[in-house]
Amino acid sequence: ATKWNLTHSYKSASGKWNFMLRNAYFGEVTDPDLDTHHTVYAGKVITDFSIGYKYGKSTTFTVGANNLLDVYPDEVPVSSNYGRQFIYSRRTSQFGMNGRYVFARLSFNLK
């Protein structure tokens, strides 16, 4: 299995704004099925993005999304997913299967 990360972060000249963009590539994975048939799941790119703003000297507010483009793993072939109970592989996991995660964070630096 292959995984590559490319992350870019930027802080404005004033130090008030910060940005983060990350692309993670999860390579192709082969899952040996029970019936000696092998299922190949394609490689995927997951994109994370966040923007932060610093208020005063100690408070930062950040909003962002992990898996911004809502990418999901390939589905298990119908012949081996137990009546659509398990649409994603339980044996092979390139990345999570919950899709996009949006967040807001308030941070305090108590120096």
# chains A, B, ... in the order shown; residues from 1 in each chain; ligands from 1
>>> residues_around(residues="Glu75 of chain A", least_positions_apart="2", cutoff="9 Å", atoms="only C-alpha atoms", output="list of chain:residue names")
A:Tyr41, A:Tyr72, A:Pro73, A:Pro77, A:Val78, A:Asn81, A:Phe86, A:Ile87, A:Tyr88, A:Ser89
>>> residues_around(residues="Asp70 of chain A", least_positions_apart="2", cutoff="6 Å", atoms="only C-alpha atoms", output="ChimeraX atom specification")
/A:67-68,99-100
>>> closest_residue(among="A:Val63, A:Leu69, A:Val76, A:Val40", to="Val102 of chain A", atoms="only C-alpha atoms")
A:Val63
